[in-house]
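Structure data follow from entry-v8.csv (CSV, C-alpha atoms and all ligand atoms):
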chain,number,residue,atom,x,y,z
A,184,MET,CA,-7.6,24.4,-36.4
A,185,ILE,CA,-6.1,23.0,-33.2
A,186,LYS,CA,-2.3,22.7,-33.5
A,187,VAL,CA,-1.0,19.6,-31.7
A,188,ALA,CA,2.5,18.6,-30.6
A,189,VAL,CA,3.1,14.9,-29.7
A,190,THR,CA,5.9,13.5,-27.5
A,191,GLY,CA,6.6,9.8,-27.7
A,192,ALA,CA,5.7,10.1,-31.4
A,193,LEU,CA,6.8,6.6,-32.4
A,194,GLY,CA,5.6,4.8,-29.3
A,195,ARG,CA,2.5,2.5,-29.1
A,196,MET,CA,0.3,5.4,-28.0
A,197,GLY,CA,2.0,8.3,-29.7
A,198,SER,CA,1.9,6.7,-33.1
A,199,ASN,CA,-1.8,5.9,-32.8
A,200,ILE,CA,-2.6,9.4,-31.5
A,201,ILE,CA,-0.8,10.9,-34.5
A,202,LYS,CA,-2.7,8.6,-36.9
A,203,THR,CA,-6.1,9.6,-35.4
A,204,ILE,CA,-5.3,13.3,-35.2
A,205,CYS,CA,-4.6,13.1,-39.0
A,206,GLN,CA,-8.1,11.8,-39.5
A,207,GLN,CA,-9.8,14.7,-37.7
A,208,GLU,CA,-11.0,17.9,-39.5
A,209,ASP,CA,-10.4,20.3,-36.6
A,210,MET,CA,-6.8,19.4,-35.6
A,211,GLU,CA,-3.4,18.8,-37.1
A,212,VAL,CA,0.0,17.6,-35.9
A,213,VAL,CA,2.5,20.5,-36.1
A,214,CYS,CA,5.5,18.8,-34.4
A,215,ALA,CA,6.4,15.4,-33.0
A,216,PHE,CA,9.3,14.3,-30.7
A,217,GLU,CA,11.3,11.2,-29.8
A,218,VAL,CA,14.3,10.6,-27.6
A,219,PRO,CA,17.5,12.5,-28.2
A,220,ASN,CA,19.8,11.0,-30.8
A,221,HIS,CA,16.9,9.1,-32.4
A,222,PRO,CA,18.2,7.5,-35.6
A,223,LYS,CA,15.1,8.6,-37.6
A,224,LYS,CA,15.5,12.3,-36.6
A,225,GLY,CA,14.4,14.6,-39.5
A,226,GLU,CA,12.4,11.9,-41.3
A,227,ASP,CA,8.7,12.4,-42.0
A,228,VAL,CA,6.7,11.2,-39.0
A,229,GLY,CA,3.8,10.0,-41.2
A,230,GLU,CA,6.1,7.8,-43.2
A,231,LEU,CA,7.7,6.5,-40.0
A,232,ILE,CA,4.3,5.4,-38.6
A,233,GLY,CA,3.0,4.0,-41.9
A,234,ILE,CA,0.4,6.6,-42.9
A,235,GLY,CA,2.4,8.4,-45.7
A,236,LYS,CA,4.0,11.8,-45.7
A,237,ILE,CA,2.3,14.4,-43.4
A,238,GLY,CA,5.0,17.1,-43.7
A,239,VAL,CA,6.2,16.9,-40.1
A,240,PRO,CA,9.9,15.9,-39.5
A,241,LEU,CA,10.7,13.9,-36.4
A,242,SER,CA,12.3,16.2,-33.8
A,243,THR,CA,14.0,15.1,-30.6
A,244,ALA,CA,13.4,16.0,-27.0
A,245,ASP,CA,16.6,18.1,-26.7
A,246,GLU,CA,15.0,20.4,-29.4
A,247,LEU,CA,11.6,20.7,-27.7
A,248,ASP,CA,11.9,24.4,-26.6
A,249,LYS,CA,13.2,25.5,-30.0
A,250,VAL,CA,10.6,23.6,-32.0
A,251,LEU,CA,7.7,24.6,-29.8
A,252,LYS,CA,8.7,28.3,-30.3
A,253,GLU,CA,8.8,27.7,-34.1
A,254,THR,CA,5.6,25.7,-34.5
A,255,LYS,CA,3.5,27.3,-31.7
A,256,PRO,CA,1.1,24.3,-30.9
A,257,ASP,CA,-2.0,24.9,-28.8
A,258,VAL,CA,-1.7,21.5,-27.1
A,259,LEU,CA,1.1,19.1,-26.3
A,260,VAL,CA,0.2,15.4,-25.8
A,261,ASP,CA,2.6,13.4,-23.8
A,262,PHE,CA,2.7,9.5,-23.6
A,263,THR,CA,6.3,8.8,-22.9
A,264,ILE,CA,7.8,7.8,-19.5
A,265,ALA,CA,7.6,9.5,-16.2
A,266,HIS,CA,11.0,11.2,-15.9
A,267,ALA,CA,10.8,12.4,-19.6
A,268,CYS,CA,7.2,13.6,-19.2
A,269,VAL,CA,8.2,15.8,-16.2
A,270,GLU,CA,10.8,17.6,-18.4
A,271,ASN,CA,8.5,17.9,-21.4
A,272,VAL,CA,5.7,19.4,-19.3
A,273,LYS,CA,8.1,22.0,-17.8
A,274,ILE,CA,9.2,23.1,-21.3
A,275,ALA,CA,5.7,23.1,-22.8
A,276,ALA,CA,4.2,25.0,-19.9
A,277,LYS,CA,7.0,27.7,-20.1
A,278,ASN,CA,6.0,28.1,-23.7
A,279,GLY,CA,2.3,28.6,-22.8
A,280,VAL,CA,1.3,25.3,-24.4
A,281,ASN,CA,-1.7,23.4,-22.9
A,282,LEU,CA,-1.3,19.8,-22.1
A,283,VAL,CA,-2.8,16.3,-22.3
A,284,ILE,CA,-0.8,14.0,-20.1
A,285,GLY,CA,-1.3,10.2,-20.3
A,286,THR,CA,2.0,9.0,-19.0
A,287,THR,CA,1.9,7.0,-15.8
A,288,GLY,CA,4.4,5.8,-13.2
A,289,PHE,CA,5.1,9.1,-11.5
A,290,THR,CA,6.6,9.4,-8.0
A,291,GLU,CA,4.8,11.8,-5.6
A,292,GLU,CA,7.7,14.3,-6.2
A,293,GLN,CA,7.2,14.1,-10.0
A,294,LYS,CA,3.5,14.7,-9.7
A,295,THR,CA,4.2,17.8,-7.6
A,296,GLU,CA,6.8,19.1,-10.1
A,297,ILE,CA,4.2,18.7,-13.0
A,298,GLU,CA,1.5,20.4,-11.1
A,299,LYS,CA,3.8,23.3,-10.1
A,300,ALA,CA,4.9,23.8,-13.7
A,301,ILE,CA,1.3,23.9,-14.9
A,302,LYS,CA,0.1,26.3,-12.1
A,303,GLU,CA,3.1,28.6,-12.3
A,304,ASN,CA,2.9,29.1,-16.0
A,305,LYS,CA,-1.0,29.4,-15.9
A,306,VAL,CA,-1.6,26.8,-18.6
A,307,ALA,CA,-4.4,24.2,-18.7
A,308,ALA,CA,-3.9,20.4,-18.6
A,309,VAL,CA,-5.9,17.2,-18.7
A,310,ILE,CA,-4.1,14.6,-16.7
A,311,SER,CA,-5.5,11.0,-16.7
A,312,GLN,CA,-4.2,7.6,-16.0
A,313,ASN,CA,-6.7,6.2,-18.4
A,314,PHE,CA,-8.4,8.0,-21.3
A,315,ALA,CA,-10.7,5.1,-22.3
A,316,ILE,CA,-14.4,6.2,-21.9
A,317,GLY,CA,-15.3,2.7,-20.5
A,318,VAL,CA,-12.6,2.9,-17.8
A,319,ASN,CA,-14.0,6.3,-16.7
A,320,ILE,CA,-17.5,4.7,-16.4
A,321,PHE,CA,-15.7,1.8,-14.5
A,322,PHE,CA,-14.2,4.5,-12.1
A,323,LYS,CA,-17.6,6.0,-11.6
A,324,THR,CA,-19.1,2.6,-10.8
A,325,LEU,CA,-16.3,2.1,-8.3
A,326,GLU,CA,-17.5,5.2,-6.4
A,327,PHE,CA,-20.9,3.6,-6.1
A,328,LEU,CA,-19.6,0.2,-5.1
A,329,ALA,CA,-17.2,1.6,-2.6
A,330,LYS,CA,-20.0,3.5,-0.9
A,331,LYS,CA,-22.3,0.5,-0.8
A,332,LEU,CA,-19.7,-2.3,-0.1
A,333,GLY,CA,-16.9,-0.4,1.6
A,334,ASP,CA,-16.6,-3.0,4.3
A,335,TYR,CA,-16.1,-5.9,1.9
A,336,ASP,CA,-12.6,-7.2,1.2
A,337,ILE,CA,-11.4,-5.2,-1.8
A,338,GLU,CA,-8.7,-6.5,-4.2
A,339,ILE,CA,-7.5,-4.9,-7.5
A,340,VAL,CA,-5.9,-7.0,-10.3
A,341,GLU,CA,-4.4,-5.6,-13.5
A,342,MET,CA,-2.7,-7.2,-16.4
A,343,HIS,CA,-0.7,-5.6,-19.2
A,344,HIS,CA,1.7,-6.5,-22.0
A,345,ARG,CA,5.2,-7.5,-21.3
A,346,HIS,CA,6.7,-4.1,-22.4
A,347,LYS,CA,5.0,-2.0,-19.8
A,348,LYS,CA,7.6,-0.3,-17.6
A,349,ASP,CA,5.6,0.8,-14.5
A,350,ALA,CA,3.7,-1.3,-12.0
A,351,PRO,CA,1.1,-1.3,-10.7
A,352,SER,CA,-0.7,0.5,-13.6
A,353,GLY,CA,-1.8,4.1,-13.2
A,354,THR,CA,-5.3,2.9,-13.6
A,355,ALA,CA,-5.1,0.4,-10.8
A,356,LEU,CA,-3.7,3.1,-8.5
A,357,ARG,CA,-6.4,5.6,-9.5
A,358,ALA,CA,-9.1,2.8,-8.8
A,359,ALA,CA,-7.5,2.3,-5.4
A,360,GLU,CA,-7.7,6.1,-4.6
A,361,ILE,CA,-11.3,6.3,-5.8
A,362,ILE,CA,-12.3,3.4,-3.5
A,363,LYS,CA,-10.3,4.9,-0.6
A,364,ALA,CA,-12.1,8.2,-1.0
A,365,ASN,CA,-15.6,6.7,-1.2
A,366,ARG,CA,-15.6,3.9,1.5
A,367,SER,CA,-16.4,4.6,5.1
A,368,VAL,CA,-13.6,2.4,6.6
A,369,ASP,CA,-9.9,3.5,6.5
A,370,SER,CA,-7.8,2.1,3.7
A,371,VAL,CA,-4.2,0.9,3.4
A,372,PHE,CA,-2.8,-0.2,0.1
A,373,VAL,CA,-1.1,-3.7,0.0
A,374,PHE,CA,1.0,-4.4,-3.0
A,375,GLY,CA,1.0,-8.2,-3.5
A,376,ARG,CA,1.3,-10.6,-0.7
A,377,LYS,CA,4.0,-13.1,0.3
A,378,GLY,CA,4.9,-15.3,3.3
A,379,MET,CA,3.1,-15.3,6.7
A,380,THR,CA,0.9,-12.4,6.0
A,381,GLY,CA,-1.5,-13.0,8.9
A,382,GLU,CA,-5.3,-12.5,8.7
A,383,ARG,CA,-6.5,-10.0,6.1
A,384,LYS,CA,-7.4,-6.7,7.7
A,385,LYS,CA,-10.6,-4.9,6.7
A,386,GLU,CA,-8.8,-1.7,5.7
A,387,GLU,CA,-6.6,-3.5,3.1
A,388,ILE,CA,-7.0,-2.8,-0.6
A,389,GLY,CA,-4.8,-5.4,-2.3
A,390,ILE,CA,-3.2,-4.4,-5.6
A,391,HIS,CA,-1.7,-7.0,-7.9
A,392,ALA,CA,0.1,-6.5,-11.2
A,393,LEU,CA,0.4,-9.2,-13.9
A,394,ARG,CA,2.5,-8.8,-17.0
A,395,GLY,CA,2.6,-10.9,-20.2
A,396,GLY,CA,2.1,-11.1,-23.9
A,397,ASP,CA,0.3,-8.4,-25.8
A,398,VAL,CA,-2.5,-7.6,-23.3
A,399,VAL,CA,-3.5,-4.0,-23.9
A,400,GLY,CA,-4.9,-3.4,-20.4
A,401,ASP,CA,-7.2,-5.4,-18.1
A,402,HIS,CA,-8.5,-4.2,-14.7
A,403,THR,CA,-10.6,-6.1,-12.2
A,404,VAL,CA,-11.8,-4.9,-8.8
A,405,ILE,CA,-13.2,-7.6,-6.5
A,406,PHE,CA,-15.5,-6.8,-3.6
A,407,ALA,CA,-15.6,-10.0,-1.5
A,408,GLY,CA,-18.1,-10.5,1.3
A,409,ASP,CA,-19.4,-13.4,3.3
A,410,GLY,CA,-21.0,-15.9,0.8
A,411,GLU,CA,-20.8,-13.5,-2.2
A,412,ARG,CA,-18.6,-11.3,-4.2
A,413,ILE,CA,-18.8,-8.8,-7.0
A,414,GLU,CA,-16.1,-8.5,-9.7
A,415,ILE,CA,-16.1,-5.6,-12.0
A,416,THR,CA,-13.8,-5.8,-15.0
A,417,HIS,CA,-12.7,-3.5,-17.8
A,418,ARG,CA,-10.8,-5.0,-20.7
A,419,ALA,CA,-9.2,-2.8,-23.4
A,420,SER,CA,-8.7,-4.9,-26.6
A,421,SER,CA,-7.3,-2.0,-28.6
A,422,ARG,CA,-5.3,1.2,-27.8
A,423,GLN,CA,-7.9,3.0,-29.9
A,424,ALA,CA,-10.1,3.0,-26.8
A,425,PHE,CA,-7.5,5.3,-25.1
A,426,VAL,CA,-6.8,7.3,-28.2
A,427,ASN,CA,-10.5,8.2,-28.7
A,428,GLY,CA,-10.5,9.8,-25.2
A,429,VAL,CA,-7.3,11.6,-26.0
A,430,ILE,CA,-8.9,13.3,-29.0
A,431,LEU,CA,-11.8,14.5,-26.8
A,432,ALA,CA,-9.3,15.8,-24.2
A,433,ILE,CA,-7.4,17.8,-26.9
A,434,ARG,CA,-10.6,19.5,-28.0
A,435,PHE,CA,-11.6,20.1,-24.3
A,436,VAL,CA,-8.3,21.7,-23.3
A,437,ALA,CA,-7.3,23.5,-26.5
A,438,ASP,CA,-8.9,26.8,-25.5
A,439,LYS,CA,-9.0,26.5,-21.7
A,440,LYS,CA,-7.2,29.4,-20.0
A,441,GLU,CA,-5.7,27.6,-17.0
A,442,GLY,CA,-6.3,24.7,-14.6
A,443,ILE,CA,-5.8,21.0,-14.0
A,444,TYR,CA,-8.6,18.8,-15.3
A,445,ASN,CA,-9.2,15.0,-15.6
A,446,THR,CA,-11.2,12.8,-17.8
A,447,PHE,CA,-14.3,13.1,-15.6
A,448,ASP,CA,-14.2,16.8,-16.5
A,449,VAL,CA,-13.8,16.0,-20.2
A,450,LEU,CA,-16.6,13.4,-20.2
A,451,GLY,CA,-19.0,15.4,-17.9
A,452,LEU,CA,-19.0,12.7,-15.2
A,453,ASN,CA,-18.4,14.9,-12.2
A,454,GLU,CA,-22.1,15.8,-12.0
A,455,ILE,CA,-23.1,12.2,-11.4
A,456,LYS,CA,-23.3,11.6,-7.6
A,457,PHE,CA,-24.3,8.5,-5.7
B,501,LIG,N1,-3.5,7.4,-19.8
B,501,LIG,C1,-3.8,6.4,-20.7
B,501,LIG,O1,-4.9,6.2,-21.1
B,501,LIG,C2,-2.7,5.5,-21.1
B,501,LIG,C3,-1.4,5.7,-20.6
B,501,LIG,N2,-0.4,5.0,-21.1
B,501,LIG,C4,0.9,5.3,-20.6
B,501,LIG,O2,1.6,6.0,-21.6
B,501,LIG,C5,3.0,5.8,-21.5
B,501,LIG,C6,3.6,5.3,-22.9
B,501,LIG,O3,3.0,4.1,-23.2
B,501,LIG,P1,3.4,3.4,-24.6
B,501,LIG,O4,3.0,4.2,-25.7
B,501,LIG,O5,2.8,2.0,-24.5
B,501,LIG,O6,5.0,3.3,-24.4
B,501,LIG,P2,6.1,3.2,-25.6
B,501,LIG,O7,7.3,2.8,-24.9
B,501,LIG,O8,5.6,2.4,-26.7
B,501,LIG,O9,6.2,4.7,-26.1
B,501,LIG,C7,6.9,5.7,-25.4
B,501,LIG,C8,7.6,6.5,-26.4
B,501,LIG,O10,8.2,7.7,-25.8
B,501,LIG,C9,9.5,7.9,-26.3
B,501,LIG,N3,10.2,8.8,-25.4
B,501,LIG,C10,10.8,8.5,-24.3
B,501,LIG,N4,11.4,9.6,-23.7
B,501,LIG,C11,11.0,10.6,-24.6
B,501,LIG,C12,11.2,12.0,-24.6
B,501,LIG,N5,12.0,12.6,-23.6
B,501,LIG,N6,10.7,12.8,-25.5
B,501,LIG,C13,10.0,12.2,-26.5
B,501,LIG,N7,9.8,10.9,-26.6
B,501,LIG,C14,10.3,10.1,-25.6
B,501,LIG,C15,10.0,6.5,-26.4
B,501,LIG,O11,11.2,6.4,-27.3
B,501,LIG,C16,8.8,5.7,-27.0
B,501,LIG,O12,8.8,5.7,-28.4
B,501,LIG,C17,3.2,4.9,-20.4
B,501,LIG,O13,3.5,5.6,-19.2
B,501,LIG,C18,1.8,4.2,-20.3
B,501,LIG,O14,1.6,3.7,-19.0
B,501,LIG,C19,-0.5,4.0,-22.1
B,501,LIG,C20,-1.8,3.8,-22.6
B,501,LIG,C21,-2.9,4.5,-22.2
B,502,LIG,O1,1.1,1.1,-20.3
B,502,LIG,C1,-0.1,0.8,-20.8
B,502,LIG,O2,-0.2,0.1,-21.8
B,502,LIG,C2,-1.2,1.3,-20.2
B,502,LIG,N1,-1.1,2.2,-19.2
B,502,LIG,C3,-2.0,2.9,-18.5
B,502,LIG,C4,-1.9,2.6,-17.0
B,502,LIG,O3,-0.8,2.4,-16.5
B,502,LIG,O4,-3.0,2.5,-16.3
B,502,LIG,C5,-3.4,2.7,-19.0
B,502,LIG,C6,-3.7,1.5,-19.8
B,502,LIG,O5,-4.1,0.5,-18.9
B,502,LIG,C7,-2.6,1.0,-20.7

Show me, as structure tokens, the structure contained in the file I just sent.
Amino acid sequence: MIKVAVTGALGRMGSNIIKTICQQEDMEVVCAFEVPNHPKKGEDVGELIGIGKIGVPLSTADELDKVLKETKPDVLVDFTIAHACVENVKIAAKNGVNLVIGTTGFTEEQKTEIEKAIKENKVAAVISQNFAIGVNIFFKTLEFLAKKLGDYDIEIVEMHHRHKKDAPSGTALRAAEIIKANRSVDSVFVFGRKGMTGERKKEEIGIHALRGGDVVGDHTVIFAGDGERIEITHRASSRQAFVNGVILAIRFVADKKEGIYNTFDVLGLNEIKF
């Protein structure tokens, strides 16, 4: 049985991850965490997320070290917010707990801190800006399109719900990095445009973030040439798309000794070359 800890337990992702873990035969939630001073601290997490008692009291982030030592999870899953994730990862890694990290919005310094904690403590982690299987196929398709149409004008547009705190999305940034790594011309990222921008330069990758309503997550990449354009879009209509990938990642990382992996490793997509 894989023992799982979840941080961000009552969030949009955390609550759905806990529900889905409870439906699996080979894994169980052994502890779950929310922000310090959470008013529901100590209450049963299953009851708080509407699936009935699961025998796991809600803990808070200030108790992470103590509760991890008591419950000894194999994997900690973090969908919180960048600054909180960094601290959670440091504590989990020190306790020898492997990681599935879905939080986005990190600065370069925060990414380095996370990688250092994982490497120094010799734990294993899957880090992905998007766990949806379809998005990873979309990423793979971008490798091909960027190789073939790298000199087209490339623009990325994403739309998310009004509650999202980081922009642009981690997925849009990852898409931009994949395109940059696979096209033959140099790339410079341009975040939105305003005023007298001058003529568009070939190396630009435009990145645009829209926010509104309850949109779960839409991403479009446009490759515009003379007289034609290709637009490739992924739309998530349910967070279950991300959660299903998280479950695969938990199984993948549970018994890994050490290393930093992504969802291409989990889904076996690294072998596909264009
Ligand atoms: N990689 C992927 O596939 C996906 C990534 N995300 C990312 O996951 C993160 C969370 O997204 P949502 O669930 O929509 O946000 P949310 O705001 O609904 O949930 C975050 C939860 O974390 C809690 N939290 C904050 N600090 C904490 C701490 N120190 N310890 C424990 N819990 C803490 C909050 O109180 C909240 O309940 C965001 O960065 C988002 O971009 C979201 C969907 C898919
Ligand atoms: O915050 C969200 O909701 C999402 N965040 C991730 C991102 O920033 O790319 C993944 C998904 O699009 C939903």

Please identify every residue of chain A that has at least one atom no farther than 7 Å from an atom of ligand LIG 501 (chain B), counting all atoms listed in the file, and for each give the shortest atom pair and the distance in Å to one decimal, arranged by chain then increasing number, as JSON lines.
{"residue": "A:Thr190", "atom": "CA", "partner": "B:LIG501", "partner_atom": "C13", "distance": 4.4}
{"residue": "A:Gly191", "atom": "CA", "partner": "B:LIG501", "partner_atom": "O10", "distance": 3.3}
{"residue": "A:Ala192", "atom": "CA", "partner": "B:LIG501", "partner_atom": "O12", "distance": 6.2}
{"residue": "A:Leu193", "atom": "CA", "partner": "B:LIG501", "partner_atom": "O12", "distance": 4.6}
{"residue": "A:Gly194", "atom": "CA", "partner": "B:LIG501", "partner_atom": "O9", "distance": 3.3}
{"residue": "A:Arg195", "atom": "CA", "partner": "B:LIG501", "partner_atom": "O4", "distance": 3.8}
{"residue": "A:Met196", "atom": "CA", "partner": "B:LIG501", "partner_atom": "O4", "distance": 3.7}
{"residue": "A:Gly197", "atom": "CA", "partner": "B:LIG501", "partner_atom": "O4", "distance": 5.8}
{"residue": "A:Phe216", "atom": "CA", "partner": "B:LIG501", "partner_atom": "C13", "distance": 4.7}
{"residue": "A:Glu217", "atom": "CA", "partner": "B:LIG501", "partner_atom": "N7", "distance": 3.5}
{"residue": "A:Val218", "atom": "CA", "partner": "B:LIG501", "partner_atom": "C11", "distance": 4.5}
{"residue": "A:Thr243", "atom": "CA", "partner": "B:LIG501", "partner_atom": "C13", "distance": 6.4}
{"residue": "A:Ala244", "atom": "CA", "partner": "B:LIG501", "partner_atom": "N6", "distance": 4.4}
{"residue": "A:Phe262", "atom": "CA", "partner": "B:LIG501", "partner_atom": "O2", "distance": 4.2}
{"residue": "A:Thr263", "atom": "CA", "partner": "B:LIG501", "partner_atom": "O10", "distance": 3.6}
{"residue": "A:Ile264", "atom": "CA", "partner": "B:LIG501", "partner_atom": "O13", "distance": 4.8}
{"residue": "A:Ala265", "atom": "CA", "partner": "B:LIG501", "partner_atom": "O13", "distance": 6.4}
{"residue": "A:Ala267", "atom": "CA", "partner": "B:LIG501", "partner_atom": "N5", "distance": 4.2}
{"residue": "A:Cys268", "atom": "CA", "partner": "B:LIG501", "partner_atom": "N5", "distance": 6.6}
{"residue": "A:Asn271", "atom": "CA", "partner": "B:LIG501", "partner_atom": "N5", "distance": 6.7}
{"residue": "A:Gly285", "atom": "CA", "partner": "B:LIG501", "partner_atom": "N1", "distance": 3.6}
{"residue": "A:Thr286", "atom": "CA", "partner": "B:LIG501", "partner_atom": "O13", "distance": 3.7}
{"residue": "A:Thr287", "atom": "CA", "partner": "B:LIG501", "partner_atom": "O13", "distance": 4.0}
{"residue": "A:Gly288", "atom": "CA", "partner": "B:LIG501", "partner_atom": "O13", "distance": 6.1}
{"residue": "A:Ser311", "atom": "CA", "partner": "B:LIG501", "partner_atom": "N1", "distance": 5.2}
{"residue": "A:Gln312", "atom": "CA", "partner": "B:LIG501", "partner_atom": "N1", "distance": 3.9}
{"residue": "A:Asn313", "atom": "CA", "partner": "B:LIG501", "partner_atom": "O1", "distance": 3.2}
{"residue": "A:Phe314", "atom": "CA", "partner": "B:LIG501", "partner_atom": "O1", "distance": 3.9}
{"residue": "A:Ala315", "atom": "CA", "partner": "B:LIG501", "partner_atom": "O1", "distance": 6.0}
{"residue": "A:Lys347", "atom": "CA", "partner": "B:LIG501", "partner_atom": "O5", "distance": 6.6}
{"residue": "A:Asp349", "atom": "CA", "partner": "B:LIG501", "partner_atom": "O14", "distance": 6.7}
{"residue": "A:Ser352", "atom": "CA", "partner": "B:LIG501", "partner_atom": "O14", "distance": 6.7}
{"residue": "A:Gly353", "atom": "CA", "partner": "B:LIG501", "partner_atom": "O14", "distance": 6.7}
{"residue": "A:Arg422", "atom": "CA", "partner": "B:LIG501", "partner_atom": "C20", "distance": 6.8}
{"residue": "A:Phe425", "atom": "CA", "partner": "B:LIG501", "partner_atom": "O1", "distance": 4.9}

Segment 195-302 of chain A near segment 436-455 of chain A within 9 Å: what's each residue's closest atom pair and its distance in Å to one decimal, counting only C-alpha atoms, ordered by chain then ascending residue number, as a Markdown table?
| residue | atom | partner | partner_atom | distance |
| --- | --- | --- | --- | --- |
| A:Asp257 | CA | A:Ala437 | CA | 5.9 |
| A:Val258 | CA | A:Ala437 | CA | 6.0 |
| A:Asn281 | CA | A:Ala437 | CA | 6.7 |
| A:Leu282 | CA | A:Val436 | CA | 7.4 |
| A:Val283 | CA | A:Val436 | CA | 7.8 |
| A:Glu298 | CA | A:Ile443 | CA | 7.9 |
| A:Ile301 | CA | A:Gly442 | CA | 7.6 |
| A:Lys302 | CA | A:Gly442 | CA | 7.1 |

Report, in Å with one decimal, the straight-line distance from atom CA of Arg418 of chain A to atom CA of Val373 of chain A.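 Here the two named atoms are 22.9 Å from each other.
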
Top pick for closest residue to Glu326 of chain A, considering A:Glu270, A:Glu360, A:Glu208, A:Asp397 and counting all atoms listed in the file: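 So, comparing all the options, the nearest one is A:Glu360.
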
May I ask which of the residues A:Ala407, A:Val306, A:Val280, A:Met379 is the closest one to Ala329 of chain A, counting all atoms listed in the file?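 Using all atoms listed in the file, the shortest distance to Ala329 of chain A belongs to A:Ala407.
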
Just checking: using only C-alpha atoms, which residue out of A:Ile201, A:Ile237, A:Ile316, A:Val340 ends up closest to Leu431 of chain A? A:Ile316

Between A:Ser421, A:Thr290, A:Asn278, A:Asn427, which residue has the minimum interatomic distance to ligand LIG 502 (chain B), considering only C-alpha atoms and all ligand atoms?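 Once distances to ligand LIG 502 (chain B) are computed over only C-alpha atoms and all ligand atoms, the minimum belongs to A:Ser421.
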
Just how far from atom CA of Thr416 of chain A is atom CA of Glu341 of chain A, in Å to one decimal?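 Interatomic distance here is 9.5 Å.
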